[in-house]
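Q: Next comes the structure file work03.txt, holding compact mmCIF, C-alpha atoms.
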```
# COMPACT_ATOMS: atom_id res chain seq x y z
CA MET A 1 74.31 99.60 70.21
CA ASP A 2 71.31 98.11 68.28
CA SER A 3 69.54 94.81 69.03
CA ALA A 4 71.57 92.82 66.48
CA ASP A 5 74.82 94.14 67.93
CA LYS A 6 73.67 93.31 71.46
CA PHE A 7 72.82 89.77 70.38
CA ILE A 8 75.88 89.05 68.22
CA ASN A 9 78.58 90.57 70.43
CA ASN A 10 77.38 89.16 73.76
CA LYS A 11 77.30 85.60 75.01
CA SER A 12 74.36 85.91 77.39
CA PRO A 13 71.61 86.16 74.70
CA LYS A 14 73.10 83.14 72.92
CA ARG A 15 73.09 81.23 76.18
CA LEU A 16 69.44 82.14 76.71
CA VAL A 17 68.60 80.79 73.24
CA LEU A 18 70.53 77.58 74.00
CA ILE A 19 68.65 77.21 77.29
CA TYR A 20 65.42 77.85 75.38
CA ILE A 21 66.17 75.03 72.89
CA ILE A 22 67.14 72.63 75.68
CA MET A 23 63.94 73.52 77.53
CA LEU A 24 61.90 72.83 74.38
CA VAL A 25 63.39 69.34 74.14
CA ILE A 26 62.78 68.67 77.84
CA LEU A 27 59.22 70.05 77.66
CA THR A 28 58.49 67.97 74.56
CA VAL A 29 59.57 64.76 76.27
CA ALA A 30 57.68 65.73 79.44
CA ALA A 31 54.56 66.59 77.40
CA TYR A 32 54.73 63.22 75.65
CA PHE A 33 54.81 61.24 78.91
CA VAL A 34 52.19 63.43 80.60
CA SER A 35 49.91 63.10 77.55
CA GLU A 36 50.40 59.32 77.56
CA LYS A 37 49.48 59.04 81.23
CA CYS A 38 46.45 61.31 80.84
CA THR A 39 45.29 59.37 77.76
CA ASP A 40 45.62 56.06 79.61
CA VAL A 41 43.45 57.36 82.44
CA ILE A 42 40.80 58.83 80.10
CA VAL A 43 40.57 55.78 77.81
CA GLU A 44 40.47 53.44 80.81
CA LYS A 45 37.56 55.40 82.23
CA GLN A 46 35.85 55.32 78.84
CA LEU A 47 36.30 51.53 78.56
CA THR A 48 34.94 51.00 82.05
CA ALA A 49 31.91 53.16 81.25
CA VAL A 50 31.25 51.29 77.97
CA LEU A 51 31.45 47.85 79.65
CA SER A 52 29.14 49.00 82.43
CA ALA A 53 26.63 50.42 79.93
CA ALA A 54 26.72 47.21 77.87
CA SER A 55 25.61 45.20 80.92
CA GLY A 56 22.48 47.29 81.18
CA ASP A 57 23.62 49.60 83.98
CA THR A 58 21.77 52.87 83.40
CA ASN A 59 23.46 54.80 86.23
CA PHE A 60 25.35 57.28 84.08
CA THR A 61 25.95 59.83 86.84
CA GLY A 62 27.74 57.54 89.27
CA TYR A 63 30.91 55.47 89.15
CA PRO A 64 30.31 52.10 87.40
CA SER A 65 30.03 49.15 89.81
CA GLU A 66 32.38 46.18 89.58
CA ASP A 67 29.47 43.84 88.92
CA SER A 68 28.26 45.80 85.92
CA VAL A 69 31.79 45.99 84.55
CA THR A 70 32.26 42.23 85.03
CA ALA A 71 28.95 41.56 83.33
CA GLY A 72 29.98 43.76 80.41
CA GLU A 73 33.31 41.91 80.10
CA LYS A 74 31.44 38.57 79.82
CA MET A 75 29.29 39.97 77.03
CA PHE A 76 32.34 41.18 75.01
CA SER A 77 34.62 38.31 75.90
CA VAL A 78 34.04 36.77 72.50
CA TYR A 79 35.60 39.93 71.00
CA GLY A 80 38.57 39.93 73.39
CA VAL A 81 37.40 43.07 75.14
CA SER A 82 38.10 43.37 78.87
CA SER A 83 39.01 46.07 81.42
CA ASP A 84 42.67 45.01 81.45
CA MET A 85 43.16 44.91 77.69
CA ASN A 86 45.85 47.01 75.90
CA LEU A 87 44.32 50.49 75.83
CA ARG A 88 46.25 51.46 72.70
CA LEU A 89 44.07 49.04 70.72
CA ILE A 90 41.09 51.31 71.27
CA ASP A 91 40.44 53.51 68.27
CA SER A 92 39.99 56.77 70.23
CA TYR A 93 43.31 56.40 72.05
CA THR A 94 45.38 58.08 69.30
CA ASP A 95 42.98 61.00 68.90
CA ILE A 96 42.83 61.65 72.62
CA PHE A 97 46.64 61.42 72.93
CA ARG A 98 47.16 63.80 70.01
CA MET A 99 44.68 66.32 71.42
CA ILE A 100 46.27 66.34 74.91
CA PHE A 101 49.82 66.36 73.54
CA THR A 102 49.05 69.24 71.14
CA ALA A 103 47.43 71.32 73.87
CA LEU A 104 50.34 70.76 76.24
CA ILE A 105 52.93 71.49 73.57
CA ILE A 106 51.23 74.73 72.53
CA PHE A 107 50.95 75.89 76.16
CA LEU A 108 54.49 74.91 77.15
CA TYR A 109 56.08 76.27 73.96
CA PHE A 110 54.16 79.52 74.31
CA THR A 111 55.19 80.05 77.96
CA ASN A 112 58.80 79.08 77.20
CA THR A 113 58.92 81.46 74.22
CA LEU A 114 57.36 84.20 76.33
CA TRP A 115 60.06 83.58 78.95
CA LEU A 116 62.77 83.86 76.27
CA ILE A 117 61.36 87.12 74.89
CA CYS A 118 60.99 88.68 78.35
CA SER A 119 64.48 87.55 79.39
CA ILE A 120 66.10 88.97 76.27
CA CYS A 121 64.18 92.24 76.64
CA VAL A 122 65.32 92.59 80.27
CA LEU A 123 68.88 91.66 79.25
CA PHE A 124 68.87 94.16 76.39
CA LYS A 125 67.59 96.85 78.74
CA THR A 126 70.49 96.07 81.08
CA TYR A 127 72.86 96.25 78.11
CA SER A 128 71.42 99.66 77.23
CA GLN A 129 72.07 100.89 80.77
CA VAL A 130 75.60 99.49 80.67
CA GLU A 131 76.15 101.16 77.29
CA THR A 132 74.95 104.45 78.78
CA LEU A 133 77.44 104.02 81.61
CA ARG A 134 80.19 103.26 79.07
CA VAL A 135 79.42 106.46 77.15
CA LYS A 136 79.36 108.42 80.41
CA CYS A 137 82.75 106.97 81.39
CA ILE A 138 84.19 108.11 78.06
CA ASP A 139 82.70 111.56 78.67
CA ILE A 140 84.22 111.61 82.16
CA SER A 141 87.65 110.80 80.71
CA GLU A 142 87.34 113.87 78.50
CA LYS A 143 85.36 116.12 80.82
CA THR A 144 85.51 115.27 84.52
CA SER A 145 82.52 117.46 85.37
CA THR A 146 80.16 114.95 83.70
CA LYS A 147 77.65 113.37 86.10
CA VAL A 148 76.40 109.81 85.64
CA SER A 149 72.63 109.47 85.80
CA VAL A 150 71.09 106.11 84.89
CA SER A 151 67.46 105.20 85.48
CA ALA A 152 67.52 102.06 87.61
CA GLU A 153 66.12 100.58 90.80
CA GLU A 154 67.52 102.08 93.98
CA PHE A 155 69.53 99.06 95.12
CA SER A 156 70.12 97.36 91.79
CA CYS A 157 73.60 96.46 90.53
CA ILE A 158 73.32 99.07 87.74
CA LYS A 159 72.38 101.78 90.24
CA ARG A 160 75.28 100.84 92.52
CA LEU A 161 77.62 100.77 89.54
CA SER A 162 76.36 104.21 88.53
CA ASP A 163 76.97 105.52 92.06
CA ALA A 164 80.45 103.98 92.07
CA ILE A 165 81.26 105.70 88.76
CA ASP A 166 80.03 108.99 90.22
CA ILE A 167 82.39 108.52 93.16
CA LEU A 168 85.21 107.69 90.74
CA SER A 169 84.31 110.80 88.72
CA ASP A 170 84.52 112.95 91.86
CA ARG A 171 87.90 111.48 92.71
CA LEU A 172 89.15 112.00 89.17
CA ARG A 173 87.92 115.58 89.33
CA TYR A 174 89.78 116.06 92.61
CA LEU A 175 92.93 114.43 91.22
CA ASN A 176 92.71 116.55 88.09
CA SER A 177 92.39 119.68 90.21
CA SER A 178 95.32 118.55 92.36
CA LEU A 179 97.42 117.83 89.29
CA MET A 180 96.64 121.26 87.87
CA LYS A 181 97.67 122.84 91.16
CA GLU A 182 100.85 120.77 91.25
CA LYS A 183 101.57 121.71 87.64
CA GLU A 184 101.11 125.39 88.46
CA PHE A 185 103.23 124.98 91.58
CA LEU A 186 106.00 123.30 89.58
CA ARG A 187 105.90 126.00 86.92
CA GLU A 188 106.11 128.79 89.49
CA PHE A 189 108.74 126.91 91.48
CA LEU A 190 110.99 126.39 88.45
CA THR A 191 110.52 130.02 87.42
CA ASP A 192 111.46 131.26 90.89
CA PHE A 193 114.30 128.77 91.23
CA SER A 194 115.83 129.70 87.87
CA HIS A 195 115.44 133.40 88.68
CA GLN A 196 117.22 132.95 92.01
CA ILE A 197 120.07 130.91 90.59
CA LYS A 198 120.71 133.10 87.54
CA THR A 199 122.30 135.89 89.56
CA SER A 200 124.75 133.57 91.30
CA LEU A 201 125.63 131.86 88.02
CA ALA A 202 126.22 135.23 86.35
CA VAL A 203 128.57 136.34 89.13
CA ILE A 204 130.48 133.03 89.03
CA ARG A 205 130.81 133.12 85.25
CA LEU A 206 131.89 136.78 85.19
CA ASN A 207 134.46 136.41 87.96
CA SER A 208 135.79 133.18 86.42
CA ASP A 209 136.25 134.92 83.06
CA ILE A 210 138.06 137.83 84.73
CA LEU A 211 140.37 135.49 86.63
CA ALA A 212 141.08 133.45 83.51
CA GLU A 213 141.75 136.36 81.13
CA SER A 214 143.48 138.93 83.35
CA ASP A 215 147.22 138.44 83.85
CA ASN A 216 147.88 141.72 85.62
CA ILE A 217 145.15 141.42 88.28
CA SER A 218 146.33 142.07 91.82
CA LYS A 219 146.31 139.47 94.59
CA LYS A 220 143.74 141.51 96.48
CA SER A 221 141.39 141.57 93.46
CA GLN A 222 141.93 137.85 92.90
CA SER A 223 141.06 137.16 96.51
CA ARG A 224 137.93 139.32 96.28
CA LEU A 225 136.76 137.64 93.07
CA ALA A 226 137.43 134.18 94.49
CA ASN A 227 135.55 135.09 97.66
CA GLU A 228 132.53 136.25 95.61
CA ILE A 229 132.62 132.96 93.66
CA SER A 230 132.69 131.02 96.95
CA ILE A 231 129.81 133.02 98.42
CA ASN A 232 127.63 132.52 95.34
CA THR A 233 128.54 128.83 95.18
CA ASP A 234 127.47 128.42 98.79
CA SER A 235 124.28 130.30 98.02
CA MET A 236 123.48 127.98 95.08
CA GLU A 237 124.18 124.94 97.24
CA SER A 238 121.93 126.24 99.99
CA LEU A 239 119.22 127.07 97.47
CA THR A 240 119.37 123.60 95.92
CA VAL A 241 119.25 121.82 99.29
CA SER A 242 116.36 123.96 100.51
CA ALA A 243 114.49 123.51 97.23
CA LEU A 244 114.82 119.74 97.47
CA LYS A 245 113.54 119.80 101.05
CA LEU A 246 110.52 121.90 100.06
CA ALA A 247 109.82 119.65 97.06
CA LYS A 248 109.82 116.58 99.32
CA LEU A 249 107.50 118.29 101.79
CA ASN A 250 105.07 119.38 99.08
CA ALA A 251 105.06 115.87 97.59
CA ASP A 252 104.37 114.32 101.03
CA ALA A 253 107.47 112.22 100.48
CA VAL A 254 108.89 112.87 103.94
CA GLU A 255 108.74 110.06 106.48
CA TYR A 256 108.68 111.75 109.88
CA ARG A 257 110.32 109.80 112.70
CA MET A 258 108.21 110.87 115.62
CA THR A 259 109.70 110.38 119.09
CA TYR A 260 108.46 111.51 122.47
CA SER A 261 111.46 113.71 123.28
CA ASP A 262 112.41 116.99 124.93
CA LEU A 263 111.35 120.00 122.86
CA ASN A 264 113.78 122.25 124.76
CA GLU A 265 116.68 120.12 123.54
CA THR A 266 115.38 120.40 119.96
CA CYS A 267 115.29 124.20 120.21
CA SER A 268 118.78 124.24 121.76
CA SER A 269 120.05 122.16 118.83
CA ALA A 270 118.58 124.65 116.36
CA ILE A 271 120.30 127.53 118.15
CA ARG A 272 123.63 125.71 118.25
CA ARG A 273 123.40 124.95 114.52
CA ILE A 274 122.71 128.55 113.48
CA ASP A 275 125.02 130.25 115.98
CA PRO A 276 128.16 129.96 113.75
CA LEU A 277 126.36 131.92 111.03
CA LEU A 278 125.82 134.82 113.44
CA ARG A 279 129.40 135.17 114.64
CA ASP A 280 130.17 138.03 112.27
CA THR A 281 126.96 139.87 113.14
CA GLU A 282 125.90 141.72 116.28
CA ILE A 283 122.82 139.52 116.74
CA LYS A 284 122.51 137.63 120.00
CA ILE A 285 120.22 134.67 120.61
CA HIS A 286 118.70 133.98 124.02
CA PHE A 287 116.88 130.76 124.91
CA ASP A 288 114.29 131.03 127.64
CA ALA A 289 112.77 127.64 128.55
CA LEU A 290 109.94 128.01 131.07
CA SER A 291 110.47 124.44 132.26
CA GLU A 292 113.51 122.21 132.45
CA GLN A 293 111.99 119.55 130.20
CA LEU A 294 109.12 119.80 127.75
CA PHE A 295 108.28 116.50 126.13
CA MET A 296 106.31 116.32 122.88
CA ASN A 297 105.91 113.76 120.11
CA HIS A 298 107.90 115.19 117.19
CA ASP A 299 110.60 114.58 114.58
CA ARG A 300 113.66 116.23 116.10
CA LEU A 301 115.57 116.80 112.84
CA TRP A 302 112.71 118.37 110.89
CA LEU A 303 111.37 120.49 113.75
CA CYS A 304 114.92 121.66 114.46
CA GLU A 305 115.09 122.68 110.78
CA ALA A 306 111.83 124.65 111.10
CA VAL A 307 112.98 126.54 114.22
CA GLU A 308 116.34 127.26 112.63
CA ASN A 309 114.67 128.64 109.48
CA ILE A 310 112.50 131.05 111.47
CA ILE A 311 115.51 132.28 113.48
CA LYS A 312 117.42 132.69 110.22
CA ASN A 313 114.52 134.64 108.72
CA SER A 314 114.53 137.05 111.67
CA ALA A 315 118.31 137.52 111.42
CA ASP A 316 118.13 138.09 107.65
CA HIS A 317 115.23 140.48 107.34
CA SER A 318 114.41 142.22 110.60
CA GLY A 319 117.58 144.23 111.22
CA CYS A 320 117.44 143.06 114.86
CA THR A 321 120.14 142.79 117.49
CA ASP A 322 118.45 140.27 119.78
CA ILE A 323 116.39 137.13 119.15
CA ILE A 324 114.62 135.41 122.04
CA VAL A 325 113.43 131.81 121.77
CA LYS A 326 110.89 130.66 124.37
CA THR A 327 108.97 127.46 125.02
CA GLU A 328 105.69 127.33 126.90
CA LYS A 329 103.12 124.69 127.76
CA THR A 330 99.41 125.12 128.50
CA PRO A 331 96.78 122.44 129.20
CA VAL A 332 95.86 122.33 125.50
CA SER A 333 98.97 123.38 123.59
CA ILE A 334 102.74 123.71 123.44
CA THR A 335 104.24 126.88 121.97
CA ILE A 336 107.67 127.76 120.59
CA SER A 337 107.96 131.54 120.45
CA ILE A 338 110.69 133.27 118.39
CA GLU A 339 110.79 137.04 118.92
CA ASP A 340 113.14 139.71 117.60
CA ASN A 341 113.54 143.44 118.29
CA GLY A 342 113.84 144.41 114.65
CA LYS A 343 111.99 146.82 112.42
CA GLY A 344 108.85 144.69 112.19
CA ILE A 345 106.89 143.53 109.17
CA PRO A 346 104.29 145.69 107.40
CA GLN A 347 100.83 144.14 107.66
CA SER A 348 100.58 143.96 103.88
CA ASP A 349 103.70 141.77 103.74
CA ILE A 350 102.69 139.25 106.41
CA PRO A 351 100.62 137.05 103.99
CA ASN A 352 103.74 136.71 101.79
CA ILE A 353 106.08 135.58 104.54
CA PHE A 354 105.50 131.87 103.88
CA THR A 355 105.50 132.21 100.09
CA ARG A 356 108.46 130.75 98.23
CA PHE A 357 110.99 133.48 97.46
CA GLY A 358 108.54 135.90 99.00
CA LYS A 359 111.26 138.21 100.29
CA LYS A 360 114.92 138.56 99.42
CA SER A 361 117.71 139.13 101.89
CA ASN A 362 120.43 141.70 101.77
CA ASN A 363 122.57 139.71 104.21
CA VAL A 364 124.99 137.63 102.17
CA GLN A 365 126.48 136.08 105.33
CA MET A 366 123.25 134.24 106.07
CA SER A 367 122.82 132.92 102.51
CA SER A 368 119.06 133.39 102.55
CA VAL A 369 117.30 131.70 99.65
CA GLY A 370 113.65 132.57 100.32
CA ILE A 371 112.46 128.99 100.93
CA GLY A 372 113.08 128.50 104.66
CA MET A 373 109.75 129.90 105.87
CA SER A 374 107.81 127.68 103.46
CA VAL A 375 109.70 124.68 104.84
CA ALA A 376 108.99 125.81 108.42
CA LYS A 377 105.26 126.12 107.70
CA LYS A 378 105.08 122.67 106.08
CA VAL A 379 106.94 121.01 108.95
CA THR A 380 104.81 122.75 111.59
CA GLU A 381 101.57 121.68 109.89
CA ALA A 382 102.87 118.10 109.66
CA HIS A 383 103.23 118.20 113.48
CA ASN A 384 99.56 119.22 113.86
CA GLY A 385 100.51 122.83 114.47
CA GLN A 386 100.41 126.28 112.93
CA ILE A 387 102.53 129.44 112.87
CA ILE A 388 101.01 132.73 113.98
CA VAL A 389 102.81 136.03 113.26
CA TYR A 390 102.61 139.09 115.51
CA SER A 391 104.36 142.22 114.26
CA GLU A 392 104.21 146.00 114.43
CA LYS A 393 106.35 148.57 112.69
CA ASP A 394 109.53 149.35 114.66
CA SER A 395 108.38 147.01 117.45
CA GLY A 396 109.80 143.70 116.35
CA THR A 397 108.17 140.46 115.25
CA ARG A 398 107.11 137.30 117.07
CA PHE A 399 106.52 133.93 115.47
CA ASP A 400 104.49 131.49 117.58
CA MET A 401 104.67 127.83 116.60
CA ILE A 402 101.62 126.38 118.36
CA PHE A 403 101.14 122.61 118.67
CA LEU A 404 98.03 121.01 120.11
CA ASN A 405 98.54 118.47 122.89
```
Mind turning this structure into structure tokens?
A:
Amino acid sequence: MDSADKFINNKSPKRLVLIYIIMLVILTVAAYFVSEKCTDVIVEKQLTAVLSAASGDTNFTGYPSEDSVTAGEKMFSVYGVSSDMNLRLIDSYTDIFRMIFTALIIFLYFTNTLWLICSICVLFKTYSQVETLRVKCIDISEKTSTKVSVSAEEFSCIKRLSDAIDILSDRLRYLNSSLMKEKEFLREFLTDFSHQIKTSLAVIRLNSDILAESDNISKKSQSRLANEISINTDSMESLTVSALKLAKLNADAVEYRMTYSDLNETCSSAIRRIDPLLRDTEIKIHFDALSEQLFMNHDRLWLCEAVENIIKNSADHSGCTDIIVKTEKTPVSITISIEDNGKGIPQSDIPNIFTRFGKKSNNVQMSSVGIGMSVAKKVTEAHNGQIIVYSEKDSGTRFDMIFLN
């Protein structure tokens, strides 16, 4: 932005010029009246000195006496000259007025013009800094790593604006990073989701085609095919519901309804909900509450879901026969412990436990979809807690959900 552009496309320089013109008019009028007053004083003093000198008073270093002035007036009375005469009739009046007025006008116009030049220069410098900030903002919109650096006083408006843009740049950089992570998460999630659902869809389509095209199929085969369709339909439904829950948790779209309620009752509810799924298995669940009541501020529905998912994970993947759920309270924490007597988890697989679709189940009765542990982790963290895994090969696995008091 050059000087002409700064002047033409901004109102402030034009306002300064308007103020400058108004000031010139005011200063001209003020200079006229000041010059007139000064001239009156000077000419009056000159007249008094002339009248005093005409009377013969030779005291030129002192102020003329009234007597000498009166004597001088008597001498010039025939000419109409007196101390109270119209001063503008004196020949030197115009010259003295012009000299004082010219000097004042030159001084006042010069200072006013100097003010205008300095003001416009300061304003244009501010415009240059603002233009630099504008360019930096455009750079930030294209490349969020750009840093704003403008030379300005420490506590000036430009400096504070520059600091504010830097803060905005940092936030945009963070948001951009978050969006990239969310984009990657969504891509991986859709890939995993589609991979998981393809198998069930293929089975449903194949069995439907067989049932539709085969006239000589036996009742037993029809029942088996229909049962496989039902199982895969249930699996797809469970996958969809779990995926929606995880999506809401990842988007922080869940409104937890925290109540100060009995944690033992929440764990009992989780066991009662999952118990029907274990009827056809040999797995037994035992609940060992170390105290009759254990109150904690939590969302009963979501925490029940988390406990249920961990129990379901143990039943699906551990090959266990017994699962023990315990609750325990210490002065600083409350713990829900879920332990099985299964085959354990290899140490290399533990980091993948809470990954979406991190491990597939061979137990079709449990309808495992590979999302439950991710949901459990999210819910636990939302309750200011964490899940710690203890496992050894052939010695079972224990999941501790630890919540700080």
Q: Interatomic distance between CA of Glu188 (chain A) and CA of Ile229 (chain A)?
A: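 According to the coordinates, CA of Glu188 (chain A) and CA of Ile229 (chain A) are separated by 27.2 Å.
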Q: Considering all atoms listed in the file, return as a VMD selection string whatever protein or nucleic-acid residues lie within 8 Å of region 29-42 of chain A, sequence-local ones (same chain, fewer than 2 positions apart) excluded.
A: chain A and resid 25 to 27 44 to 46 87 93 96 to 97 100 to 101 104 to 105
Q: For the residues in the current selection, export C-alpha atoms as an mmCIF file, in the frame of the given file.
A:
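Wrote it out as out_32.cif, contents follow:
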```cif
data_model
loop_
_atom_site.group_PDB
_atom_site.id
_atom_site.type_symbol
_atom_site.label_atom_id
_atom_site.label_comp_id
_atom_site.auth_asym_id
_atom_site.auth_seq_id
_atom_site.Cartn_x
_atom_site.Cartn_y
_atom_site.Cartn_z
ATOM 1 C CA VAL A 25 63.390 69.340 74.140
ATOM 2 C CA ILE A 26 62.780 68.670 77.840
ATOM 3 C CA LEU A 27 59.220 70.050 77.660
ATOM 4 C CA GLU A 44 40.470 53.440 80.810
ATOM 5 C CA LYS A 45 37.560 55.400 82.230
ATOM 6 C CA GLN A 46 35.850 55.320 78.840
ATOM 7 C CA LEU A 87 44.320 50.490 75.830
ATOM 8 C CA TYR A 93 43.310 56.400 72.050
ATOM 9 C CA ILE A 96 42.830 61.650 72.620
ATOM 10 C CA PHE A 97 46.640 61.420 72.930
ATOM 11 C CA ILE A 100 46.270 66.340 74.910
ATOM 12 C CA PHE A 101 49.820 66.360 73.540
ATOM 13 C CA LEU A 104 50.340 70.760 76.240
ATOM 14 C CA ILE A 105 52.930 71.490 73.570
#
```
Q: Excluding Ala270 (chain A) and residues on its chain fewer than 4 positions from it, collect all residues at most 10 Å away from it, counting all atoms listed in the file, and give them as a list of chain:residue names.
A: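 So, after excluding close chain neighbours, the residues are A:Asn264, A:Glu265, A:Thr266, A:Ile274, A:Asp275, A:Arg300, A:Leu301, A:Leu303, A:Cys304, A:Glu305, A:Ala306, A:Val307, A:Glu308, A:Asn309, A:Ile311.
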Q: Just C-alpha atoms for this one: save the residues we selected as an mmCIF file, keeping the file's coordinate frame.
A:
```cif
data_model
loop_
_atom_site.group_PDB
_atom_site.id
_atom_site.type_symbol
_atom_site.label_atom_id
_atom_site.label_comp_id
_atom_site.auth_asym_id
_atom_site.auth_seq_id
_atom_site.Cartn_x
_atom_site.Cartn_y
_atom_site.Cartn_z
ATOM 1 C CA ASN A 264 113.780 122.250 124.760
ATOM 2 C CA GLU A 265 116.680 120.120 123.540
ATOM 3 C CA THR A 266 115.380 120.400 119.960
ATOM 4 C CA ILE A 274 122.710 128.550 113.480
ATOM 5 C CA ASP A 275 125.020 130.250 115.980
ATOM 6 C CA ARG A 300 113.660 116.230 116.100
ATOM 7 C CA LEU A 301 115.570 116.800 112.840
ATOM 8 C CA LEU A 303 111.370 120.490 113.750
ATOM 9 C CA CYS A 304 114.920 121.660 114.460
ATOM 10 C CA GLU A 305 115.090 122.680 110.780
ATOM 11 C CA ALA A 306 111.830 124.650 111.100
ATOM 12 C CA VAL A 307 112.980 126.540 114.220
ATOM 13 C CA GLU A 308 116.340 127.260 112.630
ATOM 14 C CA ASN A 309 114.670 128.640 109.480
ATOM 15 C CA ILE A 311 115.510 132.280 113.480
#
```
Q: Measuring atom to atom with only C-alpha atoms, identify which of A:Ile165, A:Ala243, A:Leu51, A:Cys121 is nearest to Arg134 (chain A).
A: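 Smallest separation from Arg134 (chain A) among the options: A:Ile165.
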Q: Pick out the residues sitting within 10 Å of Asp394 (chain A), and hand them over as a PyMOL selection string; count all atoms listed in the file, and ignore anything fewer than 3 positions along from it in its own chain.
A: chain A and resi 318+341-346+391+397
Q: Do a neighbour search on Ala4 (chain A) at 12 Å with all atoms listed in the file, toss out local chain neighbours closer than 3 positions, and write the hits as a PyMOL selection string.
A: chain A and resi 1+7-10+13-14+120+124
Q: Determine, counting all atoms listed in the file, which protein, DNA and RNA residues have an atom within 12 Å of an atom of Glu142 (chain A); residues of the same chain fewer than 5 positions away are not included. Present the result as JSON, numbers by chain.
A: {"A": [135, 136, 137, 169, 172, 173, 176]}
Q: Can you spit out the residues from that selection as a PDB file, keeping the file's coordinate frame, using C-alpha atoms?
A:
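As a result, again31.pdb now contains:
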```pdb
ATOM      1  CA  VAL A 135      79.420 106.460  77.150  1.00  0.00           C
ATOM      2  CA  LYS A 136      79.360 108.420  80.410  1.00  0.00           C
ATOM      3  CA  CYS A 137      82.750 106.970  81.390  1.00  0.00           C
ATOM      4  CA  SER A 169      84.310 110.800  88.720  1.00  0.00           C
ATOM      5  CA  LEU A 172      89.150 112.000  89.170  1.00  0.00           C
ATOM      6  CA  ARG A 173      87.920 115.580  89.330  1.00  0.00           C
ATOM      7  CA  ASN A 176      92.710 116.550  88.090  1.00  0.00           C
TER       8      ASN A 176
END
```
Q: Nearest residue to Leu239 (chain A) out of A:Ala103, A:Ile197, A:Leu123, A:Leu18, using all atoms listed in the file?
A: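 Among the listed residues, A:Ile197 lies closest to Leu239 (chain A).
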Q: What is the distance between CA of Asn405 (chain A) and CA of Met373 (chain A), in Å to one decimal?
A: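 It comes out at 23.4 Å.
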Q: Edge lengths and centre in Å to one decimal, as lines of an AutoDock Vina configuration file, is what I'm after for the box along x, y and z that holds all listed atoms of region 333-338 of chain A once 3 Å is added on each side.
A:
```
center_x = 104.8
center_y = 128.3
center_z = 121.0
size_x = 17.7
size_y = 15.9
size_z = 11.2
```
Q: Taking all atoms listed in the file into account, which of A:Asp209, A:Asp91, A:Asp170, A:Glu328 comes nearest Phe287 (chain A)?
A: A:Glu328
Q: CA of Leu290 (chain A) and CA of Arg272 (chain A), how far apart in Å?
A: 18.9 Å
Q: Restricting the calculation to all atoms listed in the file: of A:Thr321, A:Thr126, A:Asn250, A:Asn352, which residue gets closest to Glu339 (chain A)?
A: A:Thr321
Q: Given the choices A:Ala164, A:Ala212, A:Leu190, A:Ile106, which gets closest to Leu133 (chain A) if the distance is worked out from all atoms listed in the file?
A: A:Ala164
Q: Take the point (114.6, 119.9, 97.4) as written in the file and pick out every residue within 12 Å of it, counting all atoms listed in the file; give the list as a ChimeraX atom specification.
A: /A:189-190,193,237-251,253-254,371-372,374-375
Q: Since the input is missing atoms, can you rebuild N, CA and C atoms for region 263-274 of chain A and write them as a JSON list (two decimals), in the coordinates of the input?
A:
```json
[["chain", "number", "residue", "atom", "x", "y", "z"],
["A", 263, "LEU", "N", 111.42, 118.92, 123.84],
["A", 263, "LEU", "CA", 111.35, 120.00, 122.86],
["A", 263, "LEU", "C", 112.40, 121.07, 123.15],
["A", 264, "ASN", "N", 112.74, 121.27, 124.40],
["A", 264, "ASN", "CA", 113.78, 122.25, 124.76],
["A", 264, "ASN", "C", 115.12, 121.87, 124.14],
["A", 265, "GLU", "N", 115.43, 120.58, 124.13],
["A", 265, "GLU", "CA", 116.68, 120.12, 123.54],
["A", 265, "GLU", "C", 116.67, 120.34, 122.03],
["A", 266, "THR", "N", 115.50, 120.16, 121.40],
["A", 266, "THR", "CA", 115.38, 120.40, 119.96],
["A", 266, "THR", "C", 115.65, 121.86, 119.64],
["A", 267, "CYS", "N", 115.06, 122.78, 120.43],
["A", 267, "CYS", "CA", 115.29, 124.20, 120.21],
["A", 267, "CYS", "C", 116.75, 124.57, 120.46],
["A", 268, "SER", "N", 117.37, 123.98, 121.48],
["A", 268, "SER", "CA", 118.78, 124.24, 121.76],
["A", 268, "SER", "C", 119.65, 123.79, 120.59],
["A", 269, "SER", "N", 119.30, 122.65, 119.99],
["A", 269, "SER", "CA", 120.05, 122.16, 118.83],
["A", 269, "SER", "C", 119.95, 123.14, 117.67],
["A", 270, "ALA", "N", 118.76, 123.69, 117.45],
["A", 270, "ALA", "CA", 118.58, 124.65, 116.36],
["A", 270, "ALA", "C", 119.44, 125.89, 116.58],
["A", 271, "ILE", "N", 119.50, 126.34, 117.84],
["A", 271, "ILE", "CA", 120.30, 127.53, 118.15],
["A", 271, "ILE", "C", 121.78, 127.24, 117.97],
["A", 272, "ARG", "N", 122.21, 126.07, 118.40],
["A", 272, "ARG", "CA", 123.63, 125.71, 118.25],
["A", 272, "ARG", "C", 124.01, 125.60, 116.77],
["A", 273, "ARG", "N", 123.10, 125.11, 115.94],
["A", 273, "ARG", "CA", 123.40, 124.95, 114.52],
["A", 273, "ARG", "C", 123.53, 126.29, 113.80],
["A", 274, "ILE", "N", 122.70, 127.27, 114.20],
["A", 274, "ILE", "CA", 122.71, 128.55, 113.48],
["A", 274, "ILE", "C", 123.69, 129.55, 114.10]]
```
